[in-house]
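**Student:** So here's data-v2.txt (compact mmCIF, C-alpha atoms).
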# COMPACT_ATOMS: atom_id res chain seq x y z
CA LEU A 1 11.91 -2.43 -18.81
CA GLU A 2 15.20 -3.70 -17.35
CA GLU A 3 17.13 -0.94 -19.15
CA GLU A 4 14.88 1.74 -17.60
CA LEU A 5 15.33 0.24 -14.13
CA VAL A 6 19.12 0.05 -14.53
CA GLU A 7 19.14 3.72 -15.60
CA TRP A 8 17.09 4.68 -12.53
CA ILE A 9 19.32 2.70 -10.14
CA THR A 10 22.47 4.20 -11.72
CA ARG A 11 21.01 7.71 -11.39
CA ILE A 12 20.18 7.16 -7.69
CA GLN A 13 23.66 5.80 -6.98
CA LYS A 14 25.24 8.87 -8.58
CA LEU A 15 23.08 11.20 -6.48
CA ALA A 16 24.03 9.43 -3.25
CA THR A 17 27.49 8.02 -3.87
CA LYS A 18 28.45 7.52 -0.21
CA ASP A 19 25.29 5.66 0.81
CA LYS A 20 24.79 1.92 1.12
CA PHE A 21 21.97 0.76 -1.12
CA GLU A 22 19.21 -1.72 -0.50
CA TRP A 23 15.94 -1.83 -2.38
CA PHE A 24 12.39 -2.69 -1.36
CA SER A 25 10.19 -4.25 -4.03
CA GLU A 26 6.42 -4.43 -3.47
CA LEU A 27 3.15 -4.88 -5.34
CA LYS A 28 1.54 -1.94 -7.11
CA PHE A 29 -2.13 -2.51 -6.27
CA ASP A 30 -4.76 -1.45 -8.81
CA GLY A 31 -7.26 0.25 -6.51
CA LEU A 32 -8.20 3.58 -4.96
CA ALA A 33 -5.47 5.35 -2.96
CA LEU A 34 -6.55 6.24 0.59
CA SER A 35 -5.09 8.13 3.52
CA LEU A 36 -6.14 7.05 7.04
CA ILE A 37 -5.46 9.24 10.06
CA TYR A 38 -5.19 7.65 13.51
CA GLU A 39 -5.15 9.77 16.66
CA ASN A 40 -4.20 8.08 19.93
CA GLY A 41 -4.56 4.75 18.16
CA ILE A 42 -8.14 5.38 16.95
CA LEU A 43 -9.22 5.98 13.33
CA SER A 44 -10.30 9.63 13.23
CA HIS A 45 -10.78 10.31 9.51
CA ALA A 46 -10.03 9.02 6.03
CA ALA A 47 -9.77 10.59 2.60
CA THR A 48 -9.04 9.73 -1.01
CA ARG A 49 -5.65 10.77 -2.36
CA GLY A 50 -6.39 11.15 -6.10
CA ASP A 51 -3.61 13.50 -7.22
CA GLY A 52 -1.34 12.72 -4.28
CA LYS A 53 -2.97 15.24 -1.96
CA ILE A 54 -5.80 14.81 0.53
CA GLY A 55 -9.08 14.64 -1.36
CA GLU A 56 -12.65 13.65 -0.51
CA ASP A 57 -13.61 12.83 3.08
CA VAL A 58 -14.80 9.19 3.03
CA THR A 59 -14.52 8.41 6.75
CA ASN A 60 -17.99 6.93 7.26
CA ASN A 61 -17.63 4.54 4.33
CA ILE A 62 -14.09 3.51 5.29
CA ARG A 63 -15.31 2.36 8.70
CA THR A 64 -17.29 -0.43 6.98
CA ILE A 65 -14.17 -2.07 5.48
CA GLU A 66 -13.28 -5.04 7.70
CA THR A 67 -9.55 -4.94 6.87
CA ILE A 68 -9.21 -1.36 8.19
CA PRO A 69 -8.71 -1.39 11.99
CA LEU A 70 -10.88 1.15 13.83
CA ARG A 71 -8.47 0.92 16.76
CA LEU A 72 -4.79 0.02 16.48
CA GLU A 73 -3.82 -3.09 18.43
CA LEU A 74 -0.87 -5.45 18.39
CA HIS A 75 -1.54 -8.65 16.43
CA GLU A 76 1.72 -10.47 17.03
CA SER A 77 4.38 -10.97 19.69
CA LEU A 78 7.25 -8.51 19.39
CA SER A 79 10.73 -8.12 20.83
CA ALA A 80 11.11 -5.57 23.63
CA GLN A 81 13.00 -3.26 21.25
CA ARG A 82 10.23 -3.28 18.63
CA LEU A 83 7.55 -3.00 21.29
CA LEU A 84 9.09 0.21 22.62
CA LYS A 85 8.91 1.68 19.12
CA ILE A 86 5.31 0.69 18.46
CA ILE A 87 3.63 1.49 21.80
CA PRO A 88 3.60 5.28 21.07
CA LEU A 89 1.66 4.57 17.87
CA LEU A 90 -1.10 2.97 19.96
CA THR A 91 -1.40 5.70 22.57
CA LYS A 92 -0.06 9.15 21.75
CA SER A 93 0.87 9.71 18.13
CA THR A 94 -1.10 11.10 15.22
CA ILE A 95 -0.11 8.87 12.31
CA GLU A 96 -1.10 8.45 8.67
CA VAL A 97 -1.48 5.07 7.01
CA ARG A 98 -1.54 5.08 3.21
CA GLY A 99 -2.75 2.25 1.04
CA GLU A 100 -5.18 1.04 -1.61
CA ALA A 101 -8.77 -0.14 -1.36
CA ILE A 102 -9.35 -2.92 -3.87
CA LEU A 103 -12.09 -5.28 -4.94
CA THR A 104 -11.10 -8.92 -5.35
CA LYS A 105 -11.67 -10.65 -8.69
CA LYS A 106 -14.08 -13.06 -6.99
CA ASN A 107 -16.26 -10.32 -5.47
CA PHE A 108 -16.21 -8.42 -8.76
CA GLU A 109 -17.61 -11.49 -10.54
CA ILE A 110 -20.30 -11.96 -7.88
CA ILE A 111 -21.40 -8.32 -8.09
CA ASN A 112 -21.54 -8.39 -11.90
CA PHE A 113 -23.51 -11.65 -11.81
CA GLU A 114 -26.11 -9.94 -9.58
CA GLN A 115 -26.13 -6.90 -11.88
CA GLN A 116 -26.88 -8.99 -14.96
CA ARG A 117 -29.45 -11.11 -13.12
CA ASN A 118 -31.29 -7.90 -12.26
CA GLY A 119 -31.13 -6.65 -15.86
CA LEU A 120 -28.50 -4.01 -15.09
CA PRO A 121 -25.28 -3.33 -17.02
CA ALA A 122 -22.10 -5.01 -15.81
CA TYR A 123 -19.36 -2.91 -14.25
CA ALA A 124 -16.28 -2.31 -16.40
CA ASN A 125 -13.47 -3.22 -14.00
CA PRO A 126 -12.71 -3.80 -10.29
CA ARG A 127 -10.76 -0.56 -9.86
CA ASN A 128 -13.61 1.73 -10.98
CA LEU A 129 -16.10 -0.24 -8.92
CA ALA A 130 -13.87 0.02 -5.83
CA ALA A 131 -13.58 3.79 -6.31
CA GLY A 132 -17.33 4.13 -6.80
CA SER A 133 -18.00 1.99 -3.74
CA ILE A 134 -15.83 4.23 -1.53
CA ARG A 135 -17.72 7.32 -2.72
CA GLN A 136 -21.23 5.96 -2.08
CA LEU A 137 -23.65 8.17 -0.14
CA ASP A 138 -25.00 5.05 1.59
CA SER A 139 -22.36 3.30 3.74
CA LYS A 140 -24.40 0.08 3.59
CA ILE A 141 -23.63 -0.17 -0.13
CA THR A 142 -19.90 0.25 0.60
CA ALA A 143 -20.10 -2.50 3.23
CA SER A 144 -21.87 -4.87 0.81
CA ARG A 145 -19.01 -4.62 -1.71
CA LYS A 146 -16.57 -6.29 0.74
CA LEU A 147 -13.59 -4.14 -0.22
CA VAL A 148 -10.09 -5.03 0.98
CA PHE A 149 -7.48 -2.49 2.12
CA PHE A 150 -3.74 -3.06 1.59
CA ALA A 151 -1.41 -0.68 3.46
CA TYR A 152 1.92 0.38 1.98
CA ASP A 153 3.20 3.36 3.99
CA LEU A 154 3.22 4.70 7.55
CA LEU A 155 3.87 8.40 8.14
CA GLY A 156 3.82 10.91 10.98
CA VAL A 157 6.49 9.41 13.24
CA ASP A 158 10.24 9.53 12.73
CA ILE A 159 11.14 6.14 14.20
CA PHE A 160 11.66 3.86 11.20
CA SER A 161 15.00 3.28 9.48
CA SER A 162 13.63 1.38 6.47
CA HIS A 163 10.55 0.96 4.33
CA SER A 164 10.53 -2.78 5.09
CA GLU A 165 10.40 -1.95 8.82
CA LYS A 166 7.31 0.17 8.17
CA HIS A 167 5.62 -2.78 6.44
CA ASN A 168 6.50 -5.13 9.30
CA THR A 169 4.98 -2.62 11.72
CA LEU A 170 1.81 -2.29 9.64
CA LEU A 171 1.45 -6.09 9.77
CA ALA A 172 1.96 -6.05 13.54
CA LEU A 173 -0.81 -3.43 13.85
CA GLY A 174 -3.29 -5.62 11.96
CA PHE A 175 -3.11 -4.21 8.44
CA LYS A 176 -2.83 -6.30 5.28
CA THR A 177 0.25 -5.71 3.12
CA GLY A 178 1.79 -7.53 0.20
CA GLY A 179 3.31 -9.87 2.80
CA LYS A 180 5.34 -12.71 1.26
CA LEU A 181 5.05 -11.09 -2.17
CA GLU A 182 7.28 -8.21 -1.02
CA GLN A 183 11.05 -8.44 -0.92
CA VAL A 184 14.12 -6.60 0.30
CA CYS A 185 16.59 -6.67 -2.61
CA ARG A 186 20.35 -6.31 -2.20
CA ASN A 187 21.03 -5.43 -5.84
CA LYS A 188 19.39 -4.97 -9.25
CA GLU A 189 19.61 -8.70 -9.99
CA ASP A 190 17.40 -9.38 -6.95
CA VAL A 191 14.94 -6.77 -8.21
CA PHE A 192 14.76 -8.42 -11.65
CA GLU A 193 14.20 -11.84 -10.06
CA HIS A 194 11.41 -10.47 -7.88
CA HIS A 195 9.77 -8.84 -10.89
CA LYS A 196 9.86 -12.15 -12.79
CA LYS A 197 8.37 -13.96 -9.79
CA ILE A 198 5.46 -11.49 -9.52
CA ALA A 199 4.89 -11.53 -13.30
CA ALA A 200 4.57 -15.33 -13.18
CA LEU A 201 2.08 -15.14 -10.26
CA ARG A 202 0.11 -12.14 -11.50
CA GLU A 203 -2.80 -13.96 -13.15
CA SER A 204 -3.24 -16.31 -10.18
CA LEU A 205 -3.63 -13.45 -7.65
CA ASP A 206 -7.17 -12.76 -6.39
CA TYR A 207 -6.77 -9.06 -7.15
CA HIS A 208 -5.43 -6.88 -9.93
CA ILE A 209 -1.97 -5.27 -9.77
CA ASP A 210 -0.21 -2.81 -12.09
CA GLY A 211 3.19 -4.40 -11.56
CA ILE A 212 5.67 -3.60 -8.79
CA VAL A 213 7.08 -0.51 -7.07
CA VAL A 214 10.80 -0.45 -6.26
CA SER A 215 11.99 1.99 -3.59
CA VAL A 216 15.20 2.90 -1.83
CA ASN A 217 14.71 0.93 1.40
CA SER A 218 16.45 3.46 3.66
CA VAL A 219 13.94 6.05 4.93
CA GLU A 220 16.69 8.62 5.48
CA LEU A 221 18.06 8.25 1.95
CA PHE A 222 14.54 8.17 0.46
CA GLN A 223 13.78 11.52 2.09
CA LYS A 224 17.17 12.97 1.14
CA LEU A 225 16.55 12.18 -2.54
CA GLY A 226 13.45 14.40 -2.52
CA VAL A 227 10.67 14.73 -5.08
CA VAL A 228 10.54 15.45 -8.82
CA GLY A 229 7.18 17.07 -9.60
CA LYS A 230 4.78 14.90 -7.62
CA THR A 231 6.91 11.75 -7.77
CA PRO A 232 9.46 10.71 -5.11
CA ARG A 233 12.90 10.40 -6.71
CA GLY A 234 13.60 7.34 -4.54
CA ALA A 235 10.87 5.13 -6.03
CA VAL A 236 9.93 3.81 -9.46
CA ALA A 237 6.99 1.76 -10.75
Step by step, read the file and then write its structure as structure tokens.

**Tutor:**
Amino acid sequence: LEEELVEWITRIQKLATKDKFEWFSELKFDGLALSLIYENGILSHAATRGDGKIGEDVTNNIRTIETIPLRLELHESLSAQRLLKIIPLLTKSTIEVRGEAILTKKNFEIINFEQQRNGLPAYANPRNLAAGSIRQLDSKITASRKLVFFAYDLLGVDIFSSHSEKHNTLLALGFKTGGKLEQVCRNKEDVFEHHKKIAALRESLDYHIDGIVVSVNSVELFQKLGVVGKTPRGAVA
């Protein structure tokens, strides 16, 4: 694993030799990828992202998830400089928030307990149940599953210099992120240490993860590196 990461970092550094490197390491949530569109600060529609493109319209069901704001509002005090950046997101911009809808381990156990008590088969895993819950025809069923949404990207406005700044903004707007389990890493040694930290905590988390995602923190460099197939060259899982 470390050899593959070193190869990736070396490859990126060769492609962008004059750039200063900093890495952003975050959780890779094991859920259903969603795209949320906000217009003038209000949730207008939501869709699954299956193959990386916009998929099924699931707007009505998404509105039942408590951790998805229906209207963007500030949830913390900000400096004047940051406030000037964020105000347009609340009033004028059309923005896209990407993230994962997940089912906690605790809720998964409760739902399976009810299934078995009613003589029904248990669900296989939280990820499939989360995906099935999002696609329900009855929004009340989606609401009863108590899904949680974790945001990991903010698109549609060209005002952010780093991926970590996007995450800080998502937090300020009321979204859940990986929070203290995310880290800006100065070098590959920091990345390895963060990976070890998350590996040690993995079983104690109240949700399933697939590991971590490491990205070039600079938004400009990330975009400059482009895409290989469907995968951004500036990120690795």

**Student:** Please provide as a PDB file with C-alpha atoms, in the coordinates of the input all residues within 12 Å of A:Arg186, with the sequence filter that same-chain residues fewer than 5 positions apart are discarded (counting all atoms listed in the file).

**Tutor:**
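To be explicit, this is the file written out as around_36.pdb:
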ATOM      1  CA  LYS A  20      24.790   1.920   1.120  1.00  0.00           C
ATOM      2  CA  PHE A  21      21.970   0.760  -1.120  1.00  0.00           C
ATOM      3  CA  GLU A  22      19.210  -1.720  -0.500  1.00  0.00           C
ATOM      4  CA  TRP A  23      15.940  -1.830  -2.380  1.00  0.00           C
ATOM      5  CA  PHE A  24      12.390  -2.690  -1.360  1.00  0.00           C
ATOM      6  CA  SER A  25      10.190  -4.250  -4.030  1.00  0.00           C
ATOM      7  CA  VAL A 191      14.940  -6.770  -8.210  1.00  0.00           C
ATOM      8  CA  PHE A 192      14.760  -8.420 -11.650  1.00  0.00           C
ATOM      9  CA  GLU A 193      14.200 -11.840 -10.060  1.00  0.00           C
ATOM     10  CA  HIS A 194      11.410 -10.470  -7.880  1.00  0.00           C
ATOM     11  CA  VAL A 214      10.800  -0.450  -6.260  1.00  0.00           C
ATOM     12  CA  SER A 215      11.990   1.990  -3.590  1.00  0.00           C
ATOM     13  CA  VAL A 216      15.200   2.900  -1.830  1.00  0.00           C
ATOM     14  CA  ASN A 217      14.710   0.930   1.400  1.00  0.00           C
TER      15      ASN A 217
END

**Student:** What separation in Å, quoted to one decimal, exists between atom CA of A:Gly229 and atom CA of A:Asn168?

**Tutor:**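 Distance between the two atoms: 29.2 Å.
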
**Student:** Padding 3 Å on each side, edges along x, y and z: where is the centre of the box around the listed atoms of stretch 216-234 of chain A, and how long are its edges in Å to one decimal? Output it as lines of an AutoDock Vina configuration file.

**Tutor:**
center_x = 11.4
center_y = 9.0
center_z = -2.1
size_x = 19.3
size_y = 22.1
size_z = 21.1

**Student:** With a distance cut-off of 7 Å and all atoms listed in the file, select the neighbouring residues of A:Asp153, excluding the residue or stretch itself and same-chain residues fewer than 4 positions from it, and output the selection as a PyMOL selection string.

**Tutor:** chain A and resi 97-99+166

**Student:** Create the file for the chosen residues now, containing C-alpha atoms and written as a compact mmCIF listing (two decimals), keeping the file's coordinate frame.

**Tutor:**
# COMPACT_ATOMS: atom_id res chain seq x y z
CA VAL A 97 -1.48 5.07 7.01
CA ARG A 98 -1.54 5.08 3.21
CA GLY A 99 -2.75 2.25 1.04
CA LYS A 166 7.31 0.17 8.17

**Student:** For A:Glu73, which of A:Val228, A:Leu170, A:Ala143, A:Ala237 is the closest residue, counting only C-alpha atoms?

**Tutor:**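 Using only C-alpha atoms, A:Glu73 sits closest to A:Leu170.
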
**Student:** Please provide the set of residues having any atom within 10 Å of A:Thr67, restricted to only C-alpha atoms, with same-chain residues fewer than 2 positions apart removed, written as a PyMOL selection string.

**Tutor:** chain A and resi 62-65+69-70+101+146-151+174-176

**Student:** Which residues of stretch 131-201 of chain A come within 8 Å of stretch 26-50 of chain A, and what is each one's closest atom pair and distance in Å (one decimal), counting only C-alpha atoms, sorted by chain and residue number, as a Markdown table?

**Tutor:**
| residue | atom | partner | partner_atom | distance |
| --- | --- | --- | --- | --- |
| A:Ala131 | CA | A:Leu32 | CA | 5.6 |
| A:Gly178 | CA | A:Leu27 | CA | 6.3 |
| A:Leu181 | CA | A:Glu26 | CA | 6.9 |
| A:Glu182 | CA | A:Glu26 | CA | 4.6 |
| A:Gln183 | CA | A:Glu26 | CA | 6.6 |

**Student:** One decimal, in Å: what's the spacing between atom CA of A:Ile209 and atom CA of A:Asn125?

**Tutor:**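 Pair atom CA of A:Ile209 / atom CA of A:Asn125 returns 12.4 Å.
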
**Student:** Just to confirm, what's the straight-line distance from atom CA of A:Thr177 to atom CA of A:Ile68 in Å (one decimal)?

**Tutor:** 11.6 Å

**Student:** Only N, CA, C and O atoms, as a tab-separated table (two decimals), in the first residue's frame: that is what I want for stretch 186-203 of chain A.

**Tutor:**
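File decode.tsv, as written:
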chain	number	residue	atom	x	y	z
A	186	ARG	N	1.60	17.61	4.97
A	186	ARG	CA	2.68	18.34	4.31
A	186	ARG	C	3.53	17.44	3.42
A	186	ARG	O	4.16	17.91	2.47
A	187	ASN	N	3.58	16.15	3.74
A	187	ASN	CA	4.43	15.22	2.98
A	187	ASN	C	3.87	13.80	3.10
A	187	ASN	O	2.87	13.56	3.78
A	188	LYS	N	4.52	12.85	2.44
A	188	LYS	CA	4.02	11.47	2.42
A	188	LYS	C	4.08	10.83	3.80
A	188	LYS	O	3.24	9.98	4.12
A	189	GLU	N	5.02	11.25	4.64
A	189	GLU	CA	5.09	10.70	6.00
A	189	GLU	C	3.84	11.06	6.79
A	189	GLU	O	3.30	10.24	7.54
A	190	ASP	N	3.35	12.30	6.62
A	190	ASP	CA	2.11	12.71	7.27
A	190	ASP	C	0.93	11.88	6.79
A	190	ASP	O	0.04	11.53	7.56
A	191	VAL	N	0.92	11.59	5.49
A	191	VAL	CA	-0.16	10.77	4.91
A	191	VAL	C	-0.15	9.37	5.53
A	191	VAL	O	-1.20	8.85	5.92
A	192	PHE	N	1.04	8.77	5.64
A	192	PHE	CA	1.14	7.44	6.23
A	192	PHE	C	0.66	7.43	7.67
A	192	PHE	O	-0.04	6.52	8.11
A	193	GLU	N	1.04	8.47	8.43
A	193	GLU	CA	0.63	8.56	9.83
A	193	GLU	C	-0.89	8.70	9.94
A	193	GLU	O	-1.51	8.11	10.82
A	194	HIS	N	-1.46	9.49	9.05
A	194	HIS	CA	-2.92	9.66	9.08
A	194	HIS	C	-3.62	8.35	8.74
A	194	HIS	O	-4.62	7.98	9.38
A	195	HIS	N	-3.08	7.63	7.77
A	195	HIS	CA	-3.66	6.34	7.41
A	195	HIS	C	-3.62	5.36	8.59
A	195	HIS	O	-4.60	4.65	8.86
A	196	LYS	N	-2.51	5.33	9.30
A	196	LYS	CA	-2.38	4.45	10.46
A	196	LYS	C	-3.38	4.83	11.56
A	196	LYS	O	-3.99	3.97	12.20
A	197	LYS	N	-3.56	6.13	11.75
A	197	LYS	CA	-4.50	6.63	12.75
A	197	LYS	C	-5.93	6.18	12.42
A	197	LYS	O	-6.65	5.69	13.29
A	198	ILE	N	-6.33	6.34	11.16
A	198	ILE	CA	-7.68	5.96	10.75
A	198	ILE	C	-7.86	4.44	10.81
A	198	ILE	O	-8.91	3.94	11.23
A	199	ALA	N	-6.82	3.69	10.43
A	199	ALA	CA	-6.90	2.23	10.49
A	199	ALA	C	-7.12	1.76	11.92
A	199	ALA	O	-7.89	0.82	12.18
A	200	ALA	N	-6.47	2.42	12.88
A	200	ALA	CA	-6.61	2.06	14.29
A	200	ALA	C	-8.00	2.39	14.82
A	200	ALA	O	-8.52	1.70	15.70
A	201	LEU	N	-8.62	3.46	14.27
A	201	LEU	CA	-9.95	3.90	14.74
A	201	LEU	C	-11.10	3.24	13.99
A	201	LEU	O	-12.24	3.31	14.44
A	202	ARG	N	-10.80	2.62	12.88
A	202	ARG	CA	-11.83	2.17	11.93
A	202	ARG	C	-12.96	1.37	12.58
A	202	ARG	O	-14.15	1.66	12.37
A	203	GLU	N	-12.63	0.37	13.37
A	203	GLU	CA	-13.65	-0.49	13.96
A	203	GLU	C	-14.51	0.24	14.99
A	203	GLU	O	-15.64	-0.16	15.26
